[in-house]
Amino acid sequence: MTGALVGTDSIVWVDSVDPATAVAVAGSKMGRLTELHRAGVQVPQGFAVTVEAYRRHCAESGLDERIDQVLSGLGSSPAEHEVEQASATIRGLFSETPMAAALEAEIVAAYEELADRVVEVNPPTAVRSSATGEDAADASFAGIFDTYLGISGPQRVLAAVRSCWGSLFTTRALSYRLRKGISHHDMPIAVGVIELIHARASGVAFSVHPVTGKPDRIVIETSWGWGEAIVQGLVDPDHVEVGKADNRILKYEVAHKKMVSAFDFAEGRVTEIAMPERLADRRVLDDEQIVAIAESVKAIERHYGYPVDVEWVISRHRRAGDPICIVQSRPVTVTATETTPAAYDPVALAQKYIFSGKPIPGR
Amino acid sequence: MTNVVPVEPFTGEWYPGYKPEFFDFPYVVDAPSPFKPGDEQAFWFLDFHWSRGLTPLAATLWSADGYCHGTQSASENLPLPPGRGVTCRFAGTHLYGSPIPEDDPREINARAQRLARNLPHFLQNFTSIWEAGRDELEDTWNYFQGIDLTKVPREDFPKLLHQARRYHKRAMEIHFAVMYPMLVNFLSFYGSCAEMGIDTNLIGKFLQGEDTKIMELDRELYKLAIKAREAGLSQVFAENEPENMRQALLAHGGSASQWLTDFDDWLQVWGHRSDATCDVGVPSWIEDNTNAFGNIKTFLMKDTDHDFDAAQRNAIEEREAAIEAARSGLTKEEQAVFDGGLAANRAANFPWWQDDHNFYIDLKVMLPLRHICQELAARVGADDKNDMIYLFWPELLEVANGKPYAGELRSLVADRRQYFDHWFHKRAEMPKVLGTIPESVEDPVLIEIFGINPGSLRAVQNPDAAEQTQLAGVPAAKGRAVGVARVLQSSDELHRVAPGEILVCESTSPNWTPAFGKIGGAVCDGGGMLSHAAIVGREYGVPTVTAVGVATIAIKDGDTIEVDGTNGKVTILKRAADLAGADT
């Protein structure tokens, strides 16, 4: 099993790849999981199908030529429907083009290794696109590549990996690159295959206020089940604010949560369904969980030295005192417009509120 | 389109015998006067403080020395960066105010620099600054108290008049020099709280529950009422009108005589107050007992006594709960700002001062001048002791200097009394605003004290205001009350309000405070969150809605109305006219 643990050109494991090269070989999403793991943060088990594997697949299967053919037909400023057409064509190519047998075998072996690690037959996984330059290319790319939750069994995992590759060519991604004149060759994609945490609740957490940028608080948004419904904006989540200095809960607003990302056993994946009525208005997080999330976010911010935005999951099996599982982390793009002053300063406040010619806030 | 309400109907003639030089007083930026052509370019609001109208002497001295000199010099000295105080004009006997903006950016910046130097010093030394000013005024008050006017030589009157006028002017310098920085401090705290996400309805509560001299006066008045009941005098009070109460009590004899002695002793301590703001035309409670008797009469009509201690305990409990609720939602860093702001505002507590100072300044500062005028009237053989307050200052000095009070001057006074009465009865018809009406104003004094905000500005421009049955305003003091509306022009009518009824007026000043011990609710045309009605409504736990704009127009005396002080809504449930119709 040593080979699988250390990894190959095509497969690297979150817990064993060299963090210095993790982002380069496994993409930013998976690379950051490695960095978090090294920093002592609880992250799920998993491996990445590397950027190199993707490159080789495109080169050796003849996909590169066929993609270039489609793209060259587009011209310099194509109409939206033309881009949509090209996107559909290319994504079709990805799903019908088989992988090299050797790569397939490596992925299947890694999946079996994962099953062994989590001690479960055909464990459900999260198959996530992990683009290179996803952080650097600003928020425009955040979350636009595909993620599939609840993928179980080797064949479904292989199909999901191909779909993730294809998501490098969504209409939005294509339009963006065309506009910016970036070649898809400059931003190849890796795919993460990660143990799916059995989520009781999930959410996002920001180490600063995501709108005002105020650095004195943690903001948490949460709902029952998996986090997709929150990330995609399908559910109005509970909103929690926590004082960063003392972990005091400043605000807990319980939302009416209409949708939930839940495991659909017939489909064999996580899908979005209507929230059961009894859960819709129930408060999701207790105080202990909130503090645990806040502590994790603060640890991650300290590790990176800049404000972060994380996705987290509370497993059905988590007990009070256990760490929170972090499934994703990235820098926060908001910059603070103003910070909380250190003390009450009536002169500065008078200038701001009374003599500015603007109405006093709240009036 | 900007709405312009013409001032033209109010220009031209003023008080009979008025000459423009009678308003020739030193001023800082803009001098008071009757309305004149061109004034429609500014925005004017009817000032609720003087709902009776003002006599010639009251109008000129208050507007020149108080309104204009007081506010304009204080806003230069602090300074207020974009505001240079207020100025005023008269439409008949009625005073309209207007803010004086400063719009030169360079000047504003220079003033802001000065504010930054002056404000911290003031806030750090508030107690000693205010007490020094207050004590200076009390010394001057005591000086006048020590004078037996009946024994003053005739030739000393000009000097005495100058001294009394100077006392008022100095009081107004102190008044506004303290009020402006306190207001700035309060609004800074307010803005900071709002920005930190604190429910702004809580902010007024953070500073409540502090005892004021005015509240002490009201408690003492209440004690007199209880004494009257214990002496078995409730019946006498119930059966007689306030104007005849003294005679009725004297006729009753027995326990009433002792009570009257106590009452007169009480007046010597607390009766040096007029039911007006710096108005030389209005008597003190010693001179005219009507309002004191009237208040006691209505207190005795209440089934249960107003429990001052319980009200204060509630105010304090509510304050502490509000502070706790606000703090718990703040980060540690924000709590430091909040705590600092709260401490600064407790040390220089604007809502507290806004009530307390009236005892030392507004309610009595014109009394020495009034008494000198009355003594002079006696010396010159005037028909009425108040004839002199119908003179203008230069005319008054001439009389003091020996000019015979006769002939033309005497007949002018008679004409001016008629003029005053004429305009007194026109008060309800006076436009609430004149000139160029903005959508909103920036001056915090206008917003927070006068209650001039976009809502009230829209309300006063509604031509159908008299028909409205749903009104909205500032939710000044929480709670809900249903009762019969008593629409009053001035606090002289307070005895018309029975316990549990709803007080409806232009706005209240401290001379209205005794009413809050008996009313079920209050609705005012003007008054912001920091107005007297709002502050006292909170202290007494009386549901209050202010800045309605047209309450005295839409609500008719005797209507049954609902006051929702929590949400700032007033509903007219039944018209008095309909009720009367149903009876017949």
# chains A, B, ... in the order shown; residues from 1 in each chain; ligands from 1
call {"tool": "residues_around", "arguments": {"residues": "B:Phe25", "least_positions_apart": "3", "cutoff": "12 Å", "atoms": "only C-alpha atoms", "output": "PyMOL selection string"}}
result
chain B and resi 20-22+28-33+60-66+68-69+169+393-394
call {"tool": "write_last_selection", "arguments": {"atoms": "N, CA and C atoms", "output": "tab-separated table (two decimals), in the first residue's frame"}}
result
chain	number	residue	atom	x	y	z
B	20	PRO	N	-38.92	99.50	12.71
B	20	PRO	CA	-37.84	98.51	12.53
B	20	PRO	C	-36.70	98.69	13.53
B	21	GLU	N	-36.44	99.93	13.97
B	21	GLU	CA	-35.30	100.12	14.88
B	21	GLU	C	-35.55	99.47	16.25
B	22	PHE	N	-36.80	99.10	16.52
B	22	PHE	CA	-37.07	98.39	17.79
B	22	PHE	C	-36.40	97.02	17.81
B	28	VAL	N	-25.38	88.02	15.62
B	28	VAL	CA	-24.18	87.33	15.16
B	28	VAL	C	-24.24	87.09	13.65
B	29	VAL	N	-25.27	86.43	13.19
B	29	VAL	CA	-25.37	86.10	11.77
B	29	VAL	C	-26.63	86.70	11.16
B	30	ASP	N	-27.74	86.47	11.82
B	30	ASP	CA	-29.01	86.93	11.26
B	30	ASP	C	-29.89	87.41	12.40
B	31	ALA	N	-30.47	88.60	12.23
B	31	ALA	CA	-31.28	89.20	13.29
B	31	ALA	C	-32.75	88.81	13.13
B	32	PRO	N	-33.47	88.79	14.23
B	32	PRO	CA	-34.91	88.51	14.15
B	32	PRO	C	-35.66	89.72	13.60
B	33	SER	N	-36.84	89.46	13.11
B	33	SER	CA	-37.70	90.56	12.63
B	33	SER	C	-39.06	89.97	12.29
B	60	THR	N	-39.50	90.58	21.19
B	60	THR	CA	-38.21	91.17	20.79
B	60	THR	C	-37.07	90.68	21.66
B	61	LEU	N	-37.26	90.63	22.98
B	61	LEU	CA	-36.14	90.25	23.84
B	61	LEU	C	-35.82	88.77	23.70
B	62	TRP	N	-36.85	87.94	23.69
B	62	TRP	CA	-36.55	86.51	23.55
B	62	TRP	C	-35.89	86.22	22.21
B	63	SER	N	-36.47	86.76	21.13
B	63	SER	CA	-35.94	86.41	19.80
B	63	SER	C	-34.54	86.97	19.61
B	64	ALA	N	-34.30	88.19	20.12
B	64	ALA	CA	-32.98	88.79	19.91
B	64	ALA	C	-31.93	88.16	20.83
B	65	ASP	N	-32.22	88.13	22.13
B	65	ASP	CA	-31.20	87.72	23.10
B	65	ASP	C	-31.11	86.20	23.25
B	66	GLY	N	-32.22	85.53	23.07
B	66	GLY	CA	-32.24	84.08	23.27
B	66	GLY	C	-32.08	83.35	21.97
B	68	CYS	N	-31.76	84.18	18.74
B	68	CYS	CA	-30.72	84.50	17.77
B	68	CYS	C	-29.34	84.64	18.41
B	69	HIS	N	-29.23	85.48	19.42
B	69	HIS	CA	-27.91	85.63	20.04
B	69	HIS	C	-27.45	84.32	20.69
B	169	LYS	N	-30.15	87.19	28.88
B	169	LYS	CA	-29.24	87.00	27.76
B	169	LYS	C	-28.08	86.07	28.15
B	393	TRP	N	-38.66	97.49	23.82
B	393	TRP	CA	-37.56	97.82	24.74
B	393	TRP	C	-37.21	99.31	24.78
B	394	PRO	N	-37.05	99.98	23.62
B	394	PRO	CA	-36.70	101.41	23.70
B	394	PRO	C	-37.81	102.23	24.36
call {"tool": "residues_around", "arguments": {"residues": "stretch 193-204 of chain A", "least_positions_apart": "3", "cutoff": "7 Å", "atoms": "only C-alpha atoms", "output": "JSON list (two decimals) with N, CA and C atoms, in the first residue's frame"}}
result
[["chain", "number", "residue", "atom", "x", "y", "z"],
["A", 44, "PRO", "N", -11.51, 15.75, 5.68],
["A", 44, "PRO", "CA", -11.89, 14.38, 5.30],
["A", 44, "PRO", "C", -10.74, 13.65, 4.61],
["A", 45, "GLN", "N", -10.82, 12.34, 4.61],
["A", 45, "GLN", "CA", -9.87, 11.51, 3.87],
["A", 45, "GLN", "C", -10.13, 11.69, 2.39],
["A", 46, "GLY", "N", -9.09, 11.60, 1.58],
["A", 46, "GLY", "CA", -9.36, 11.65, 0.16],
["A", 46, "GLY", "C", -8.10, 11.76, -0.68],
["A", 47, "PHE", "N", -8.29, 11.65, -1.97],
["A", 47, "PHE", "CA", -7.17, 11.75, -2.91],
["A", 47, "PHE", "C", -7.57, 12.64, -4.07],
["A", 48, "ALA", "N", -6.57, 13.06, -4.82],
["A", 48, "ALA", "CA", -6.86, 13.88, -5.99],
["A", 48, "ALA", "C", -6.36, 13.16, -7.24],
["A", 124, "PRO", "N", -19.73, 6.41, -0.02],
["A", 124, "PRO", "CA", -20.09, 7.59, -0.81],
["A", 124, "PRO", "C", -19.00, 8.65, -0.72],
["A", 125, "THR", "N", -18.78, 9.34, -1.80],
["A", 125, "THR", "CA", -17.71, 10.34, -1.84],
["A", 125, "THR", "C", -18.26, 11.67, -2.38],
["A", 126, "ALA", "N", -17.43, 12.68, -2.12],
["A", 126, "ALA", "CA", -17.66, 13.96, -2.80],
["A", 126, "ALA", "C", -16.61, 14.04, -3.89],
["A", 127, "VAL", "N", -17.06, 14.19, -5.13],
["A", 127, "VAL", "CA", -16.12, 14.33, -6.24],
["A", 127, "VAL", "C", -16.16, 15.81, -6.65],
["A", 128, "ARG", "N", -15.01, 16.48, -6.41],
["A", 128, "ARG", "CA", -14.98, 17.94, -6.58],
["A", 128, "ARG", "C", -13.94, 18.36, -7.59],
["A", 150, "GLY", "N", -22.00, 12.35, -2.86],
["A", 150, "GLY", "CA", -22.65, 11.06, -2.63],
["A", 150, "GLY", "C", -22.34, 10.02, -3.70],
["A", 220, "ILE", "N", -21.25, 32.84, 10.58],
["A", 220, "ILE", "CA", -21.53, 31.45, 10.20],
["A", 220, "ILE", "C", -22.92, 31.40, 9.56],
["A", 221, "GLU", "N", -23.03, 30.67, 8.46],
["A", 221, "GLU", "CA", -24.35, 30.41, 7.88],
["A", 221, "GLU", "C", -24.52, 28.91, 7.80],
["A", 222, "THR", "N", -25.67, 28.43, 8.18],
["A", 222, "THR", "CA", -25.80, 26.98, 8.33],
["A", 222, "THR", "C", -27.22, 26.50, 8.06],
["A", 223, "SER", "N", -27.28, 25.22, 7.65],
["A", 223, "SER", "CA", -28.58, 24.56, 7.51],
["A", 223, "SER", "C", -28.37, 23.07, 7.77],
["A", 224, "TRP", "N", -29.46, 22.32, 7.79],
["A", 224, "TRP", "CA", -29.36, 20.88, 7.99],
["A", 224, "TRP", "C", -28.79, 20.22, 6.74],
["A", 225, "GLY", "N", -28.22, 19.03, 6.91],
["A", 225, "GLY", "CA", -27.73, 18.25, 5.78],
["A", 225, "GLY", "C", -26.45, 18.81, 5.19],
["A", 226, "TRP", "N", -26.25, 18.55, 3.88],
["A", 226, "TRP", "CA", -25.02, 18.98, 3.25],
["A", 226, "TRP", "C", -25.07, 20.44, 2.83],
["A", 227, "GLY", "N", -23.91, 20.97, 2.51],
["A", 227, "GLY", "CA", -23.80, 22.41, 2.30],
["A", 227, "GLY", "C", -24.16, 22.91, 0.91],
["A", 230, "ILE", "N", -26.80, 25.57, 0.53],
["A", 230, "ILE", "CA", -26.37, 26.90, 1.00],
["A", 230, "ILE", "C", -25.47, 27.54, -0.05],
["A", 309, "ASP", "N", -12.61, 32.00, 4.24],
["A", 309, "ASP", "CA", -14.00, 31.59, 4.10],
["A", 309, "ASP", "C", -13.94, 30.07, 3.99],
["A", 310, "VAL", "N", -14.59, 29.36, 4.89],
["A", 310, "VAL", "CA", -14.47, 27.89, 4.88],
["A", 310, "VAL", "C", -15.85, 27.25, 4.74],
["A", 311, "GLU", "N", -15.83, 26.03, 4.18],
["A", 311, "GLU", "CA", -17.03, 25.19, 4.24],
["A", 311, "GLU", "C", -16.75, 24.11, 5.26],
["A", 312, "TRP", "N", -17.72, 23.86, 6.11],
["A", 312, "TRP", "CA", -17.53, 22.89, 7.19],
["A", 312, "TRP", "C", -18.74, 21.96, 7.27],
["A", 313, "VAL", "N", -18.50, 20.83, 7.91],
["A", 313, "VAL", "CA", -19.56, 19.83, 8.08],
["A", 313, "VAL", "C", -19.52, 19.33, 9.51],
["A", 314, "ILE", "N", -20.70, 19.15, 10.12],
["A", 314, "ILE", "CA", -20.77, 18.47, 11.41],
["A", 314, "ILE", "C", -21.35, 17.08, 11.13],
["A", 315, "SER", "N", -20.52, 16.08, 11.37],
["A", 315, "SER", "CA", -20.91, 14.70, 11.11],
["A", 315, "SER", "C", -21.99, 14.24, 12.08],
["A", 316, "ARG", "N", -22.79, 13.30, 11.60],
["A", 316, "ARG", "CA", -23.80, 12.71, 12.48],
["A", 316, "ARG", "C", -23.15, 12.07, 13.71]]
call {"tool": "select_by_dssp", "arguments": {"residues": "stretch 51-226 of chain A", "states": "strand (DSSP E)", "output": "VMD selection string"}}
result
chain A and resid 125 to 131 147 to 151 189 to 195 199 to 206 217 to 224
call {"tool": "residues_around", "arguments": {"residues": "A:Tyr54", "least_positions_apart": "3", "cutoff": "9 Å", "atoms": "only C-alpha atoms", "output": "ChimeraX atom specification"}}
result
/A:10,49-51,57-59,165,188-191
call {"tool": "interface_residues", "arguments": {"of": "chain B", "to": "chain A", "cutoff": "8 Å", "atoms": "only C-alpha atoms", "output": "PyMOL selection string"}}
result
chain B and resi 81-82+112+115-116+119-120+184-185+187-189+191-192+194-195+200+328-334+336-341+442+444
call {"tool": "write_last_selection", "arguments": {"atoms": "N, CA and C atoms", "output": "compact mmCIF listing (two decimals), in the first residue's frame"}}
result
# COMPACT_ATOMS: atom_id res chain seq x y z
N PRO B 81 -19.93 72.78 12.88
CA PRO B 81 -19.30 73.03 11.57
C PRO B 81 -20.27 73.51 10.47
N PRO B 82 -21.35 72.77 10.16
CA PRO B 82 -22.15 73.26 9.03
C PRO B 82 -23.36 74.07 9.44
N ALA B 112 -14.73 72.56 11.79
CA ALA B 112 -14.57 71.18 12.27
C ALA B 112 -13.29 71.05 13.10
N LEU B 115 -13.99 72.45 16.45
CA LEU B 115 -14.82 71.53 17.22
C LEU B 115 -13.95 70.43 17.83
N ALA B 116 -13.01 69.93 17.03
CA ALA B 116 -12.16 68.83 17.50
C ALA B 116 -11.33 69.26 18.70
N LEU B 119 -14.55 70.20 21.78
CA LEU B 119 -15.51 69.23 22.29
C LEU B 119 -14.94 68.33 23.39
N PRO B 120 -13.73 67.76 23.19
CA PRO B 120 -13.21 66.89 24.26
C PRO B 120 -13.07 67.63 25.59
N VAL B 184 -24.29 67.11 20.46
CA VAL B 184 -23.31 66.51 19.55
C VAL B 184 -22.84 65.18 20.13
N ASN B 185 -22.53 65.17 21.41
CA ASN B 185 -22.07 63.95 22.07
C ASN B 185 -23.13 62.86 22.01
N LEU B 187 -25.61 62.57 19.85
CA LEU B 187 -25.86 62.09 18.49
C LEU B 187 -24.68 61.26 17.96
N SER B 188 -23.48 61.58 18.41
CA SER B 188 -22.33 60.76 18.05
C SER B 188 -22.53 59.34 18.57
N PHE B 189 -22.97 59.27 19.81
CA PHE B 189 -23.23 57.97 20.43
C PHE B 189 -24.36 57.26 19.69
N GLY B 191 -25.33 57.65 16.54
CA GLY B 191 -24.88 57.17 15.23
C GLY B 191 -24.01 55.94 15.36
N SER B 192 -23.15 55.97 16.36
CA SER B 192 -22.26 54.84 16.60
C SER B 192 -23.06 53.59 16.96
N ALA B 194 -26.20 52.98 16.16
CA ALA B 194 -26.95 52.54 14.99
C ALA B 194 -26.05 51.75 14.04
N GLU B 195 -24.83 52.26 13.88
CA GLU B 195 -23.89 51.59 12.97
C GLU B 195 -23.49 50.20 13.51
N THR B 200 -32.30 51.13 17.36
CA THR B 200 -32.23 52.55 17.74
C THR B 200 -33.34 52.95 18.71
N SER B 328 -24.94 42.74 24.61
CA SER B 328 -24.74 41.31 24.37
C SER B 328 -24.56 41.01 22.88
N GLY B 329 -25.06 41.89 22.02
CA GLY B 329 -24.90 41.65 20.59
C GLY B 329 -23.64 42.26 20.00
N LEU B 330 -22.79 42.83 20.85
CA LEU B 330 -21.59 43.52 20.34
C LEU B 330 -20.34 42.69 20.57
N THR B 331 -19.38 42.84 19.68
CA THR B 331 -18.09 42.20 19.92
C THR B 331 -17.37 42.94 21.04
N LYS B 332 -16.31 42.31 21.53
CA LYS B 332 -15.55 42.92 22.63
C LYS B 332 -15.05 44.32 22.23
N GLU B 333 -14.61 44.44 20.98
CA GLU B 333 -14.10 45.72 20.48
C GLU B 333 -15.24 46.75 20.45
N GLU B 334 -16.40 46.30 19.98
CA GLU B 334 -17.54 47.22 19.92
C GLU B 334 -18.00 47.60 21.32
N ALA B 336 -16.21 48.07 23.80
CA ALA B 336 -15.33 49.13 24.32
C ALA B 336 -15.82 50.50 23.83
N VAL B 337 -16.22 50.57 22.56
CA VAL B 337 -16.73 51.83 22.01
C VAL B 337 -18.06 52.19 22.68
N PHE B 338 -18.92 51.19 22.78
CA PHE B 338 -20.24 51.42 23.39
C PHE B 338 -20.09 51.89 24.84
N ASP B 339 -19.26 51.19 25.59
CA ASP B 339 -19.09 51.54 27.00
C ASP B 339 -18.54 52.96 27.15
N GLY B 340 -17.59 53.30 26.27
CA GLY B 340 -17.01 54.64 26.32
C GLY B 340 -18.06 55.69 26.01
N GLY B 341 -18.88 55.42 25.00
CA GLY B 341 -19.93 56.35 24.60
C GLY B 341 -20.99 56.49 25.68
N GLU B 442 -31.00 68.90 7.83
CA GLU B 442 -29.80 68.25 8.36
C GLU B 442 -29.53 68.62 9.80
N PRO B 444 -29.29 68.77 13.44
CA PRO B 444 -29.75 67.79 14.43
C PRO B 444 -30.72 68.37 15.46
call {"tool": "residues_around", "arguments": {"residues": "B:Gly85", "least_positions_apart": "6", "cutoff": "10 Å", "atoms": "only C-alpha atoms", "output": "PyMOL selection string"}}
result
chain B and resi 28-30+67-76+79+98-102+176+180+443+445
call {"tool": "select_by_dssp", "arguments": {"residues": "stretch 123-297 of chain A", "states": "alpha helix (DSSP H)", "output": "VMD selection string"}}
result
chain A and resid 154 to 166 171 to 180 228 to 231 277 to 280 287 to 297
call {"tool": "atom_distance", "arguments": {"atom1": "atom CA of B:Val413", "atom2": "atom CA of B:Tyr390"}}
result
5.6 Å
call {"tool": "closest_atom_pairs", "arguments": {"of": "stretch 467-531 of chain B", "to": "stretch 278-299 of chain B", "cutoff": "9 Å", "atoms": "only C-alpha atoms", "output": "Markdown table"}}
result
| residue | atom | partner | partner_atom | distance |
| --- | --- | --- | --- | --- |
| B:Ser491 | CA | B:Asn291 | CA | 8.3 |
| B:Asp492 | CA | B:Asn291 | CA | 6.6 |
| B:Glu493 | CA | B:Asn291 | CA | 8.3 |
| B:Leu494 | CA | B:Asn295 | CA | 7.4 |
| B:His495 | CA | B:Gly294 | CA | 4.8 |
| B:Arg496 | CA | B:Gly294 | CA | 8.3 |
| B:Val497 | CA | B:Thr298 | CA | 7.5 |
| B:Ala498 | CA | B:Thr298 | CA | 6.2 |
| B:Pro499 | CA | B:Thr298 | CA | 6.7 |
| B:Pro514 | CA | B:Asn295 | CA | 6.8 |
| B:Ala515 | CA | B:Asn295 | CA | 7.3 |
| B:Gly517 | CA | B:Phe299 | CA | 7.7 |
| B:Lys518 | CA | B:Phe299 | CA | 6.6 |
call {"tool": "closest_residue", "arguments": {"among": "B:Arg480, B:Arg84, B:His94, B:Lys205", "to": "B:Ala325", "atoms": "only C-alpha atoms"}}
result
B:Lys205
call {"tool": "closest_residue", "arguments": {"among": "B:Ile203, B:Ala400, B:Leu221, B:Ala343", "to": "B:Arg319", "atoms": "only C-alpha atoms"}}
result
B:Ile203
call {"tool": "closest_residue", "arguments": {"among": "B:Val399, B:Val523, B:Leu446, B:Ala554", "to": "B:Val542", "atoms": "only C-alpha atoms"}}
result
B:Val523
call {"tool": "residues_around", "arguments": {"residues": "A:Pro154", "least_positions_apart": "6", "cutoff": "8 Å", "atoms": "only C-alpha atoms", "output": "VMD selection string"}}
result
chain A and resid 108 111 122
call {"tool": "write_last_selection", "arguments": {"atoms": "N, CA and C atoms", "output": "short mmCIF file (atom, residue, chain, number, x, y, z; two decimals), in the first residue's frame"}}
result
data_model
loop_
_atom_site.label_atom_id
_atom_site.label_comp_id
_atom_site.auth_asym_id
_atom_site.auth_seq_id
_atom_site.Cartn_x
_atom_site.Cartn_y
_atom_site.Cartn_z
N VAL A 108 -9.44 3.48 -9.49
CA VAL A 108 -10.19 2.43 -8.81
C VAL A 108 -9.42 1.93 -7.60
N TYR A 111 -9.69 4.45 -4.88
CA TYR A 111 -11.03 4.41 -4.28
C TYR A 111 -11.13 3.24 -3.30
N ASN A 122 -18.06 0.40 -0.72
CA ASN A 122 -18.57 1.43 -1.65
C ASN A 122 -18.91 2.74 -0.93
#
